[in-house]
Every structure is written in C-alpha cells, then in structure tokens.
file upload.cif (mmCIF, C-alpha atoms)
data_query
#
loop_
_atom_site.label_atom_id
_atom_site.label_comp_id
_atom_site.auth_asym_id
_atom_site.auth_seq_id
_atom_site.Cartn_x
_atom_site.Cartn_y
_atom_site.Cartn_z
CA MET A 1 0.00 0.00 0.00
CA PRO A 2 1.47 3.42 -0.95
CA LEU A 3 2.35 5.66 1.98
CA SER A 4 -0.20 8.45 2.08
CA ASP A 5 0.86 12.00 2.84
CA ARG A 6 -0.79 11.82 6.25
CA ARG A 7 0.86 8.52 7.22
CA ALA A 8 4.20 9.80 5.92
CA ARG A 9 3.85 12.87 8.14
CA ILE A 10 2.94 10.75 11.16
CA LEU A 11 5.85 8.38 10.52
CA ALA A 12 8.27 11.31 10.32
CA PHE A 13 6.97 12.67 13.63
CA ILE A 14 7.31 9.24 15.28
CA VAL A 15 10.91 8.88 14.10
CA GLU A 16 11.90 12.37 15.19
CA ASP A 17 10.15 12.17 18.58
CA TYR A 18 11.63 8.75 19.31
CA VAL A 19 15.12 9.88 18.30
CA GLU A 20 14.84 12.81 20.70
CA SER A 21 13.23 11.05 23.68
CA ALA A 22 14.17 7.38 23.33
CA GLN A 23 10.63 6.67 24.54
CA PRO A 24 7.84 4.93 22.57
CA VAL A 25 5.55 7.49 20.96
CA GLY A 26 1.80 7.44 21.67
CA SER A 27 -0.99 8.92 19.59
CA ALA A 28 -2.16 11.44 22.20
CA ALA A 29 1.39 12.73 22.77
CA LEU A 30 1.85 13.01 19.01
CA VAL A 31 -1.29 15.10 18.58
CA ALA A 32 -0.42 17.37 21.50
CA ARG A 33 3.23 17.89 20.70
CA HIS A 34 2.75 18.68 17.02
CA GLU A 35 -0.67 20.34 17.37
CA LEU A 36 -2.11 18.05 14.76
CA ASP A 37 -5.53 18.84 13.36
CA LEU A 38 -6.44 15.18 13.91
CA SER A 39 -8.07 13.22 16.72
CA SER A 40 -6.07 10.71 18.75
CA ALA A 41 -8.34 7.99 17.36
CA THR A 42 -7.47 8.94 13.78
CA VAL A 43 -3.76 8.96 14.60
CA ARG A 44 -4.08 5.56 16.32
CA SER A 45 -5.76 4.18 13.21
CA GLU A 46 -2.96 5.50 10.99
CA MET A 47 -0.35 4.12 13.40
CA LYS A 48 -2.02 0.72 13.21
CA THR A 49 -1.68 0.81 9.42
CA LEU A 50 1.97 1.87 9.70
CA GLU A 51 2.54 -1.08 12.03
CA GLU A 52 0.85 -3.47 9.61
CA GLU A 53 3.16 -2.16 6.88
CA GLY A 54 6.19 -2.89 9.06
CA LEU A 55 7.23 0.75 9.46
CA ILE A 56 6.74 0.98 13.22
CA THR A 57 6.60 -1.62 15.95
CA HIS A 58 4.99 -2.10 19.35
CA PRO A 59 7.63 -2.73 22.04
CA HIS A 60 6.61 -4.91 24.99
CA THR A 61 3.48 -3.69 26.73
CA SER A 62 3.94 -0.01 25.99
CA ALA A 63 1.07 1.86 24.40
CA GLY A 64 3.51 3.76 22.20
CA ARG A 65 5.29 2.80 18.99
CA VAL A 66 8.89 2.97 17.81
CA PRO A 67 10.30 2.98 14.26
CA SER A 68 11.40 -0.30 12.70
CA ASN A 69 14.48 -0.58 10.52
CA LEU A 70 12.17 -0.23 7.52
CA GLY A 71 10.63 2.85 9.12
CA TYR A 72 14.04 4.46 9.53
CA ARG A 73 14.95 3.55 5.95
CA THR A 74 11.72 5.10 4.65
CA TYR A 75 12.34 8.22 6.72
CA VAL A 76 15.94 8.54 5.50
CA GLY A 77 15.02 7.80 1.90
CA SER A 78 12.15 10.21 1.42
CA LEU A 79 10.98 12.03 4.55
CA MET A 80 13.86 13.66 6.39
CA GLY A 81 14.78 17.25 5.64
CA GLU A 82 18.25 18.38 4.71
CA ARG A 83 20.21 19.83 7.59
CA ARG A 84 23.17 22.15 7.11
CA LEU A 85 25.51 23.17 9.86
CA SER A 86 25.25 26.77 10.97
CA SER A 87 28.15 29.16 10.39
CA GLU A 88 28.90 29.03 14.11
CA GLU A 89 29.05 25.21 14.08
CA GLU A 90 31.33 25.22 11.05
CA LEU A 91 33.67 27.79 12.59
CA THR A 92 33.88 25.80 15.84
CA ILE A 93 34.94 22.69 13.92
CA LEU A 94 37.39 24.59 11.71
CA HIS A 95 38.99 26.22 14.75
CA GLN A 96 39.80 22.80 16.20
CA PHE A 97 41.53 21.74 12.99
CA HIS A 98 43.46 25.01 12.73
CA GLN A 99 44.79 24.45 16.24
CA SER A 100 46.03 20.98 15.30
CA ALA A 101 49.51 20.27 13.95
CA VAL A 102 49.88 19.43 10.25
CA ASN A 103 49.75 15.71 10.85
CA LEU A 104 47.38 13.31 9.12
CA GLN A 105 47.08 10.97 12.08
CA ARG A 106 46.02 13.87 14.31
CA TRP A 107 43.53 15.07 11.71
CA LEU A 108 41.93 11.63 11.57
CA SER A 109 41.74 11.37 15.34
CA LEU A 110 40.33 14.89 15.59
CA SER A 111 37.76 14.17 12.87
CA ALA A 112 36.47 11.14 14.74
CA SER A 113 36.51 13.01 18.04
CA VAL A 114 34.53 15.94 16.60
CA LEU A 115 31.87 13.59 15.23
CA ALA A 116 31.66 11.52 18.41
CA ASN A 117 31.24 14.59 20.62
CA SER A 118 28.74 16.23 18.28
CA LEU A 119 26.44 13.20 17.90
CA HIS A 120 27.18 11.48 21.26
CA THR A 121 27.98 8.17 19.64
CA ALA A 122 30.98 6.30 18.25
CA ALA A 123 32.87 7.71 15.28
CA ILE A 124 35.35 6.02 12.97
CA ALA A 125 38.08 7.09 10.56
CA THR A 126 40.17 4.86 8.31
CA PRO A 127 43.69 5.83 7.17
CA PRO A 128 44.00 6.82 3.50
CA HIS A 129 44.62 4.38 0.68
CA MET A 130 43.79 4.35 -3.01
CA VAL A 131 40.04 4.82 -2.75
CA GLU A 132 39.17 3.27 -6.09
CA VAL A 133 40.90 0.11 -7.20
CA ARG A 134 40.64 -0.08 -10.99
CA LEU A 135 41.53 -2.72 -13.53
CA LYS A 136 44.62 -1.83 -15.54
CA GLN A 137 44.73 -4.95 -17.69
CA LEU A 138 44.10 -8.69 -17.66
CA GLN A 139 45.72 -11.68 -19.33
CA LEU A 140 44.48 -15.22 -19.91
CA VAL A 141 46.99 -18.09 -20.23
CA GLU A 142 45.89 -21.57 -21.29
CA LEU A 143 46.81 -24.29 -18.78
CA THR A 144 44.74 -27.11 -20.25
CA GLU A 145 41.83 -27.21 -22.68
CA GLU A 146 39.49 -26.70 -19.71
CA SER A 147 41.50 -24.41 -17.46
CA ALA A 148 43.27 -21.05 -17.72
CA LEU A 149 45.33 -18.73 -15.55
CA LEU A 150 43.75 -15.27 -15.12
CA VAL A 151 46.29 -12.53 -14.37
CA VAL A 152 44.85 -9.19 -13.27
CA VAL A 153 46.91 -5.98 -12.94
CA MET A 154 45.41 -3.16 -10.83
CA ASN A 155 45.95 0.59 -11.01
CA ASP A 156 47.80 0.41 -7.67
CA ALA A 157 50.35 -1.95 -9.30
CA ALA A 158 49.05 -5.04 -7.52
CA VAL A 159 49.08 -8.23 -9.59
CA LEU A 160 46.70 -11.05 -8.69
CA GLN A 161 46.25 -14.47 -10.26
CA HIS A 162 43.51 -17.06 -10.25
CA THR A 163 43.10 -20.43 -11.95
CA LEU A 164 39.78 -20.76 -13.75
CA GLN A 165 38.11 -24.09 -14.42
CA LEU A 166 36.42 -23.19 -17.68
CA ALA A 167 32.84 -23.97 -18.53
CA GLU A 168 33.88 -24.98 -22.06
CA THR A 169 37.01 -26.21 -23.83
CA THR A 170 39.00 -23.43 -25.46
CA THR A 171 42.35 -22.56 -27.06
CA GLN A 172 45.02 -19.96 -26.34
CA ASP A 173 44.02 -18.01 -29.43
CA GLN A 174 40.43 -17.78 -28.19
CA LEU A 175 41.62 -16.75 -24.72
CA THR A 176 43.90 -14.07 -26.19
CA GLN A 177 41.05 -12.66 -28.26
CA LEU A 178 38.75 -12.65 -25.22
CA ALA A 179 41.38 -10.91 -23.07
CA GLY A 180 41.90 -8.25 -25.74
CA ARG A 181 38.18 -7.58 -26.04
CA LEU A 182 37.71 -7.38 -22.28
CA ASN A 183 40.71 -5.06 -21.87
CA GLN A 184 39.12 -2.67 -24.35
CA GLN A 185 35.82 -2.77 -22.46
CA LEU A 186 36.93 -2.95 -18.83
CA ALA A 187 40.34 -1.28 -18.44
CA GLY A 188 40.16 1.73 -16.12
CA HIS A 189 36.94 0.60 -14.45
CA THR A 190 36.15 -0.31 -10.84
CA ALA A 191 34.47 -3.52 -9.69
CA THR A 192 31.18 -1.67 -9.28
CA GLU A 193 31.38 -0.24 -12.79
CA ILE A 194 32.25 -3.63 -14.27
CA GLU A 195 29.28 -5.25 -12.52
CA ALA A 196 26.99 -2.67 -14.11
CA ARG A 197 28.17 -3.39 -17.67
CA THR A 198 26.20 -5.20 -20.36
CA PRO A 199 25.93 -8.93 -19.52
CA ALA A 200 28.64 -11.17 -20.91
CA THR A 201 28.07 -12.83 -24.27
CA GLY A 202 29.29 -16.31 -23.29
CA ALA A 203 29.89 -18.63 -20.35
CA ILE A 204 33.68 -18.24 -20.33
CA GLU A 205 33.46 -14.47 -20.65
CA GLN A 206 31.07 -14.38 -17.69
CA GLN A 207 33.46 -16.54 -15.65
CA VAL A 208 36.34 -14.18 -16.40
CA VAL A 209 34.33 -11.03 -15.63
CA ASP A 210 33.01 -12.47 -12.36
CA GLN A 211 36.52 -13.40 -11.25
CA VAL A 212 37.94 -10.00 -12.23
CA VAL A 213 35.28 -8.37 -10.03
CA ALA A 214 36.13 -10.73 -7.17
CA LEU A 215 39.85 -9.95 -7.44
CA LEU A 216 39.21 -6.20 -7.54
CA ARG A 217 37.01 -6.53 -4.46
CA SER A 218 39.70 -8.50 -2.64
CA GLU A 219 42.24 -5.78 -3.43
CA GLU A 220 39.83 -3.12 -2.13
CA ASP A 221 39.46 -5.04 1.13
CA ALA A 222 43.19 -5.64 1.45
CA ALA A 223 43.93 -1.94 0.95
CA SER A 224 41.86 -0.92 3.96
CA GLU A 225 43.57 -0.23 7.28
CA PRO A 226 42.25 -0.77 10.82
CA PRO A 227 40.00 2.16 11.71
CA LEU A 228 40.49 4.71 14.43
CA ILE A 229 37.50 4.77 16.75
CA GLU A 230 36.44 7.47 19.18
CA GLY A 231 33.39 7.91 21.38
CA VAL A 232 32.74 4.36 22.59
CA ARG A 233 31.83 5.77 26.01
CA GLU A 234 29.42 8.20 24.35
CA LEU A 235 27.82 5.30 22.47
CA LEU A 236 27.39 3.16 25.57
CA ARG A 237 25.75 6.04 27.45
CA GLN A 238 22.81 5.91 25.05
CA PRO A 239 19.53 4.76 26.68
CA GLU A 240 19.45 1.61 24.51
CA TYR A 241 22.17 0.06 26.66
CA GLU A 242 20.82 0.86 30.13
CA GLY A 243 20.07 -2.35 32.00
CA ASP A 244 20.74 -4.54 28.95
CA SER A 245 24.06 -6.21 29.65
CA ASP A 246 23.82 -8.59 26.67
CA ARG A 247 23.33 -5.74 24.23
CA LEU A 248 26.12 -3.78 25.86
CA LEU A 249 28.53 -6.72 25.52
CA ASP A 250 27.49 -7.27 21.90
CA THR A 251 28.17 -3.60 21.21
CA LEU A 252 31.60 -3.74 22.84
CA GLU A 253 32.42 -6.65 20.53
CA ALA A 254 31.01 -4.73 17.55
CA VAL A 255 33.45 -1.84 18.09
CA GLU A 256 36.47 -4.12 18.51
CA THR A 257 38.93 -2.92 15.88
CA SER A 258 39.49 -6.05 13.81
CA ARG A 259 35.80 -6.94 13.73
CA LEU A 260 34.80 -3.37 12.89
CA GLN A 261 37.35 -3.23 10.06
CA ARG A 262 35.61 -6.16 8.36
CA ALA A 263 32.12 -4.81 9.05
CA ILE A 264 32.41 -1.22 7.77
CA PRO A 265 30.08 -1.18 4.73
CA ALA A 266 32.38 0.85 2.46
CA ARG A 267 30.73 -0.48 -0.70
CA ALA A 268 27.43 1.12 0.29
CA LEU A 269 28.85 4.50 -0.67
CA GLY A 270 28.82 3.92 -4.41
CA ASN A 271 28.64 7.38 -5.97
CA ASP A 272 26.89 8.96 -2.97
CA ASP A 273 28.72 11.54 -0.87
CA VAL A 274 27.18 10.14 2.34
CA ALA A 275 25.86 6.60 2.83
CA ILE A 276 23.48 5.47 5.57
CA VAL A 277 23.34 1.75 6.36
CA ILE A 278 20.60 0.88 8.84
CA GLY A 279 20.12 -2.11 11.13
CA ASP A 280 19.77 -5.41 9.32
CA GLU A 281 21.22 -3.88 6.14
CA ASN A 282 24.54 -4.44 7.92
CA PRO A 283 26.32 -7.80 7.79
CA GLY A 284 26.55 -9.70 11.06
CA GLU A 285 24.08 -9.92 13.92
CA ARG A 286 26.06 -7.58 16.16
CA TYR A 287 25.26 -4.69 13.82
CA ASN A 288 21.58 -5.47 13.25
CA ASP A 289 20.42 -2.81 15.70
CA MET A 290 23.09 -0.26 14.73
CA SER A 291 23.58 2.20 11.87
CA PHE A 292 26.57 3.54 9.97
CA VAL A 293 26.69 7.03 8.46
CA LEU A 294 29.78 7.20 6.23
CA SER A 295 31.54 9.47 3.77
CA ARG A 296 34.76 9.24 1.81
CA TYR A 297 37.44 11.89 2.26
CA GLY A 298 40.41 12.73 0.08
CA PRO A 299 40.97 14.35 -3.34
CA ALA A 300 39.09 12.73 -6.23
CA GLY A 301 41.23 10.02 -7.79
CA GLY A 302 43.85 10.23 -5.03
CA ALA A 303 44.38 8.50 -1.73
CA GLY A 304 41.54 8.72 0.73
CA GLY A 305 39.63 6.90 3.43
CA LEU A 306 36.34 6.78 5.26
CA ILE A 307 34.98 8.97 8.03
CA GLY A 308 31.70 8.46 9.80
CA LEU A 309 29.51 7.44 12.69
CA LEU A 310 28.37 4.19 14.26
CA GLY A 311 25.44 4.29 16.62
CA PRO A 312 22.11 2.76 17.52
CA THR A 313 19.46 2.93 14.80
CA ARG A 314 17.92 5.72 16.89
CA LEU A 315 20.24 8.29 15.33
CA ASP A 316 19.49 11.88 14.45
CA TYR A 317 20.11 11.13 10.77
CA PRO A 318 19.83 14.69 9.38
CA ASP A 319 22.31 15.94 11.99
CA ALA A 320 24.58 12.94 11.43
CA VAL A 321 24.66 13.45 7.65
CA ALA A 322 25.37 17.18 8.01
CA HIS A 323 28.28 16.64 10.41
CA VAL A 324 29.82 13.72 8.50
CA ARG A 325 29.60 15.61 5.19
CA TYR A 326 31.18 18.76 6.61
CA VAL A 327 34.02 17.01 8.47
CA SER A 328 34.74 14.96 5.34
CA ASP A 329 34.93 18.17 3.28
CA VAL A 330 37.29 19.79 5.80
CA LEU A 331 39.55 16.75 5.87
CA THR A 332 39.59 16.58 2.06
CA GLU A 333 40.54 20.25 1.77
CA LEU A 334 43.33 19.89 4.34
CA MET A 335 44.75 16.89 2.48
CA ARG A 336 44.62 18.73 -0.84
CA ARG A 337 46.25 21.82 0.63
CA PHE A 338 49.15 20.04 2.33
CA TYR A 339 49.61 16.90 0.24
CA GLY A 340 48.30 17.81 -3.21
CA ASP A 341 45.69 16.04 -5.29
CA ALA A 342 47.45 12.68 -5.06
CA GLY A 343 47.11 12.70 -1.28
CA PRO A 344 49.69 11.49 1.26
CA GLU A 345 51.75 8.36 1.07
CA PRO A 346 50.26 5.44 3.05
CA MET A 347 51.10 5.85 6.72
CA SER A 348 53.88 3.72 8.13
CA GLY A 349 53.64 1.86 11.40
CA GLU A 350 55.54 4.69 13.11
CA ASP A 351 53.09 7.27 11.79
CA ARG A 352 50.18 5.29 13.17
#

call {"tool": "encode", "arguments": {"input": "upload.cif", "output": "structure tokens"}}
result
Amino acid sequence: MPLSDRRARILAFIVEDYVESAQPVGSAALVARHELDLSSATVRSEMKTLEEEGLITHPHTSAGRVPSNLGYRTYVGSLMGERRLSSEEELTILHQFHQSAVNLQRWLSLSASVLANSLHTAAIATPPHMVEVRLKQLQLVELTEESALLVVVMNDAAVLQHTLQLAETTTQDQLTQLAGRLNQQLAGHTATEIEARTPATGAIEQQVVDQVVALLRSEEDAASEPPLIEGVRELLRQPEYEGDSDRLLDTLEAVETSRLQRAIPARALGNDDVAIVIGDENPGERYNDMSFVLSRYGPAGGAGGLIGLLGPTRLDYPDAVAHVRYVSDVLTELMRRFYGDAGPEPMSGEDR
C-alpha cells in the first residue's frame, strides 16, 4: 500500500520524537506535541496501518510505537529534511583543525573526536589508501583445454592471479582474443562499474568477468587499514544500553577494531557523498540494531579513506549526515592543501 501523505507525516513525527526522547511514541502525545488537526483515534488508526506495513513496531506492553528498521529507511530515503551546519558550528569545527599540527594521524583522530562529541555516539576514521581500485589490464593463459590462468593488474600496481576451471574447452588463441576484447571494455573501471556493464556474451566471458570483479574486491578489502574509533563511552551512554548487559557486551564486541574493520560497509557509498546503512542492512548480527553514516574523504582520484559514525538505529540522521559531510569536506581540503591532489603516502607503522 502506498504511503499516504498523512501517514508519511505521522511516521516522520514518530521517528523524530523517538530519536529525541528514546521513549515509545503514543498517539495522544503526538497530537499534542505537534498540534495536529487530527483526533487521537485517527492517529491511532494510521499508526495501526503503519505497524501493519512494518514501518513501526509495538515494544513490549507499551502503548507507544517505535520505528522499525524499515521505518528508519523510509524516513531517510524520502521524509527527512536536509540539515546544514550553521556558520557558528562550522567555525567551531574549523577552529579545532586550525589548532592541530599538520599531521594526518592527528587530523583523523580529531575528525572522529569531533563527530563523536557532536552526535554522542561512536565515530570512525580509516587511514587513506587508493580509494578506487581499478583494472589496468588482464591476461588469460591456457593451462589445459578446460583451465586457464587469469592474471589481473590493478591501477595500484598489484598483480593477482587465479586459476579458472572453464565452462567450455577453449584454445590460447580464443583466450587471447577474449582478453583483448575485455581489456578494451573494462580497463580503467572499478568492480562496481564492471558489474553494471552489459551482460557477458558467453559462459567463459562471464566466468572471467566475475573473477575479475572478485579480485578487484579482494584488493579493495586488502587496501583498507584498521580504523580509528572514538566515542565508545558516548555510544554506551545511550539509553538503549541501560540495563541490557547482553546488548552492551554485543556492542563492545562490535566496536572491537578487527571486527569493525571487516564490518564497515564501504561499498554502500557507491557514488553517494554520504551513505546510511541501517540495522539489518549491515552484515553480522552484532550490527543489526546499529547504523553507519559514512563518507569518503580525500581528493578525487587520489588516496583517501572513510569517516563516519556508528550508533544505535535511533540516530538523528539529518544531523549525522550534516556533520559527516562537513568534516569529510574539511579533511579533504586539508589533504589537498598540504599533500596535493594525489594525497599522502600510506602511513607507516611509526606514523600510526
């Protein structure tokens, strides 16, 4: 059932009131707080429909409702307004960076600290690396009539190999022709761009393309560094964790560095400047009641990393997006000013 204007408005109010109060939202309170020209009975009826559609849920025995993951996603996707930081907020953040030494590690730590203190939740920053791993060229070498060695060269000079068990018998001449055609079509593209291309024309071509994407993805994952994390105390002070020791322990495990490094949903960014990944959109049960708000930083085409927030799904998403976007822009400009468009060299162990 399409979301009517009235139900959309009520859903937005429920999300915003719950984010602010951390208390289930009732129909009477909704009418009073927002001075709605509706009766409590009408609002209750609309809330019942929203619940049937899976957008809100009824916790325990409370008379109020809280947003579901789908409710948050609907709010983020089409209902929330755009928030921009005020000039005073921007100047306060800039002042902190101007007081800092010209040191990338300190900038990353400060970026995460600013976000954590502003949103009262955990913040993360990953050290810079080549943001976009692109295919430079590929080669196919016949091993047997039914197997071939795929050699993939990346734009970061990495060379990866994989043995393919081919769906059909083939010859070296056919493999050479296929490699030449694919190099013309795919060279210079990322894994995401290759996945979006026109479907392959044959079984072997599809095998090669699928494996090229897998190797590019593996190089992207290998290039990432353990994240800096700030604000764990701020996160655990949120009402969600009061009196719930199991959830608190799960959250402490979720922010453990090596686990968090694997869980950060970097691929969700795509071409967006800020990505929001909510609840069960995240991999792993420990993140099913948490949300990431992430942005890339660094000059286009140069080295860069990720900056963002990790918190309960009850996040102030407009405020989170505004802060993450602005801090990312500041960090990008600082890197461009002091390191140039290529960005800094990868940090050594001593730098970290």

call {"tool": "resolve_selection", "arguments": {"input": "upload.cif", "expression": "the PyMOL selection byres ((chain A and resi 322) around 8)", "output": "compact mmCIF listing (two decimals) with C-alpha atoms, keeping the file's coordinate frame"}}
result
# COMPACT_ATOMS: atom_id res chain seq x y z
CA GLU A 82 18.25 18.38 4.71
CA ARG A 83 20.21 19.83 7.59
CA ARG A 84 23.17 22.15 7.11
CA LEU A 85 25.51 23.17 9.86
CA PRO A 318 19.83 14.69 9.38
CA ASP A 319 22.31 15.94 11.99
CA ALA A 320 24.58 12.94 11.43
CA VAL A 321 24.66 13.45 7.65
CA HIS A 323 28.28 16.64 10.41
CA VAL A 324 29.82 13.72 8.50
CA ARG A 325 29.60 15.61 5.19
CA TYR A 326 31.18 18.76 6.61

call {"tool": "resolve_selection", "arguments": {"input": "upload.cif", "expression": "the PyMOL selection byres ((chain A and resi 125-141) around 7)", "output": "number ranges by chain"}}
result
A: 108, 112, 124, 142-143, 148-156, 172, 175-176, 179, 183, 187-190, 216, 220, 223-229, 302-308, 346

call {"tool": "residues_around", "arguments": {"input": "upload.cif", "residues": "region 24-41 of chain A", "least_positions_apart": "2", "cutoff": "10 Å", "atoms": "all atoms listed in the file", "output": "list in words"}}
result
Ile10, Phe13, Ile14, Val15, Glu16, Asp17, Tyr18, Val19, Ser21, Ala22, Val43, Arg44, Ser45, Glu46, Met47, Thr57, His58, Pro59, Ser62, Ala63, Gly64, Arg65, Val66 and Pro67 of chain A

call {"tool": "closest_residue", "arguments": {"input": "upload.cif", "among": "A:Val114, A:Ala203, A:Ala101, A:Leu182", "to": "Glu89 (chain A)", "atoms": "only C-alpha atoms"}}
result
A:Val114

call {"tool": "axis_aligned_box", "arguments": {"input": "upload.cif", "around": "region 224-240 of chain A", "padding_each_side": "6 Å", "output": "JSON"}}
result
{"center_x": 31.5, "center_y": 3.6, "center_z": 15.7, "size_x": 36.1, "size_y": 21.1, "size_z": 35.5}

call {"tool": "resolve_selection", "arguments": {"input": "upload.cif", "expression": "the PyMOL selection byres ((chain A and resi 275) around 10)", "output": "PyMOL selection string"}}
result
chain A and resi 265-274+276-278+292-296+308+321+324

call {"tool": "write_last_selection", "arguments": {"input": "upload.cif", "atoms": "C-alpha atoms", "output": "JSON list (two decimals), in the coordinates of the input"}}
result
[["chain", "number", "residue", "atom", "x", "y", "z"],
["A", 265, "PRO", "CA", 30.08, -1.18, 4.73],
["A", 266, "ALA", "CA", 32.38, 0.85, 2.46],
["A", 267, "ARG", "CA", 30.73, -0.48, -0.70],
["A", 268, "ALA", "CA", 27.43, 1.12, 0.29],
["A", 269, "LEU", "CA", 28.85, 4.50, -0.67],
["A", 270, "GLY", "CA", 28.82, 3.92, -4.41],
["A", 271, "ASN", "CA", 28.64, 7.38, -5.97],
["A", 272, "ASP", "CA", 26.89, 8.96, -2.97],
["A", 273, "ASP", "CA", 28.72, 11.54, -0.87],
["A", 274, "VAL", "CA", 27.18, 10.14, 2.34],
["A", 276, "ILE", "CA", 23.48, 5.47, 5.57],
["A", 277, "VAL", "CA", 23.34, 1.75, 6.36],
["A", 278, "ILE", "CA", 20.60, 0.88, 8.84],
["A", 292, "PHE", "CA", 26.57, 3.54, 9.97],
["A", 293, "VAL", "CA", 26.69, 7.03, 8.46],
["A", 294, "LEU", "CA", 29.78, 7.20, 6.23],
["A", 295, "SER", "CA", 31.54, 9.47, 3.77],
["A", 296, "ARG", "CA", 34.76, 9.24, 1.81],
["A", 308, "GLY", "CA", 31.70, 8.46, 9.80],
["A", 321, "VAL", "CA", 24.66, 13.45, 7.65],
["A", 324, "VAL", "CA", 29.82, 13.72, 8.50]]

call {"tool": "atom_distance", "arguments": {"input": "upload.cif", "atom1": "CA of Gly279 (chain A)", "atom2": "CA of Ser218 (chain A)"}}
result
24.8 Å

call {"tool": "residues_near_point", "arguments": {"input": "upload.cif", "point": "(47.0, 23.1, 3.8)", "cutoff": "12 Å", "atoms": "all atoms listed in the file", "output": "PyMOL selection string"}}
result
chain A and resi 97-98+100-104+107+330-341+343

call {"tool": "write_last_selection", "arguments": {"input": "upload.cif", "atoms": "C-alpha atoms", "output": "CSV table (one decimal), in the frame of the given file"}}
result
chain,number,residue,atom,x,y,z
A,97,PHE,CA,41.5,21.7,13.0
A,98,HIS,CA,43.5,25.0,12.7
A,100,SER,CA,46.0,21.0,15.3
A,101,ALA,CA,49.5,20.3,14.0
A,102,VAL,CA,49.9,19.4,10.2
A,103,ASN,CA,49.8,15.7,10.8
A,104,LEU,CA,47.4,13.3,9.1
A,107,TRP,CA,43.5,15.1,11.7
A,330,VAL,CA,37.3,19.8,5.8
A,331,LEU,CA,39.6,16.8,5.9
A,332,THR,CA,39.6,16.6,2.1
A,333,GLU,CA,40.5,20.2,1.8
A,334,LEU,CA,43.3,19.9,4.3
A,335,MET,CA,44.8,16.9,2.5
A,336,ARG,CA,44.6,18.7,-0.8
A,337,ARG,CA,46.2,21.8,0.6
A,338,PHE,CA,49.2,20.0,2.3
A,339,TYR,CA,49.6,16.9,0.2
A,340,GLY,CA,48.3,17.8,-3.2
A,341,ASP,CA,45.7,16.0,-5.3
A,343,GLY,CA,47.1,12.7,-1.3

call {"tool": "atom_distance", "arguments": {"input": "upload.cif", "atom1": "CA of Ser4 (chain A)", "atom2": "CA of Met290 (chain A)"}}
result
27.9 Å

call {"tool": "closest_residue", "arguments": {"input": "upload.cif", "among": "A:Leu166, A:Leu70, A:Ala254, A:Leu79", "to": "Arg7 (chain A)", "atoms": "all atoms listed in the file"}}
result
A:Leu79

call {"tool": "closest_residue", "arguments": {"input": "upload.cif", "among": "A:Gly77, A:Ser68, A:Ser118, A:Gln105", "to": "Ile93 (chain A)", "atoms": "only C-alpha atoms"}}
result
A:Ser118

call {"tool": "atom_distance", "arguments": {"input": "upload.cif", "atom1": "CA of Ala191 (chain A)", "atom2": "CA of Ala300 (chain A)"}}
result
17.2 Å

call {"tool": "closest_residue", "arguments": {"input": "upload.cif", "among": "A:Ser328, A:Asn282, A:Gln206, A:Gln177", "to": "Gly298 (chain A)", "atoms": "only C-alpha atoms"}}
result
A:Ser328

call {"tool": "residues_around", "arguments": {"input": "upload.cif", "residues": "Thr144 (chain A)", "least_positions_apart": "2", "cutoff": "9 Å", "atoms": "only C-alpha atoms", "output": "mmCIF file with C-alpha atoms, in the coordinates of the input"}}
result
data_model
loop_
_atom_site.group_PDB
_atom_site.id
_atom_site.type_symbol
_atom_site.label_atom_id
_atom_site.label_comp_id
_atom_site.auth_asym_id
_atom_site.auth_seq_id
_atom_site.Cartn_x
_atom_site.Cartn_y
_atom_site.Cartn_z
ATOM 1 C CA GLU A 142 45.890 -21.570 -21.290
ATOM 2 C CA GLU A 146 39.490 -26.700 -19.710
ATOM 3 C CA SER A 147 41.500 -24.410 -17.460
ATOM 4 C CA ALA A 148 43.270 -21.050 -17.720
ATOM 5 C CA THR A 169 37.010 -26.210 -23.830
ATOM 6 C CA THR A 170 39.000 -23.430 -25.460
ATOM 7 C CA THR A 171 42.350 -22.560 -27.060
#

call {"tool": "closest_residue", "arguments": {"input": "upload.cif", "among": "A:Glu230, A:Glu90, A:Glu240, A:Glu219", "to": "Gln23 (chain A)", "atoms": "only C-alpha atoms"}}
result
A:Glu240

call {"tool": "closest_residue", "arguments": {"input": "upload.cif", "among": "A:Ile264, A:Leu3, A:Ser111, A:Met80", "to": "Leu94 (chain A)", "atoms": "all atoms listed in the file"}}
result
A:Ser111
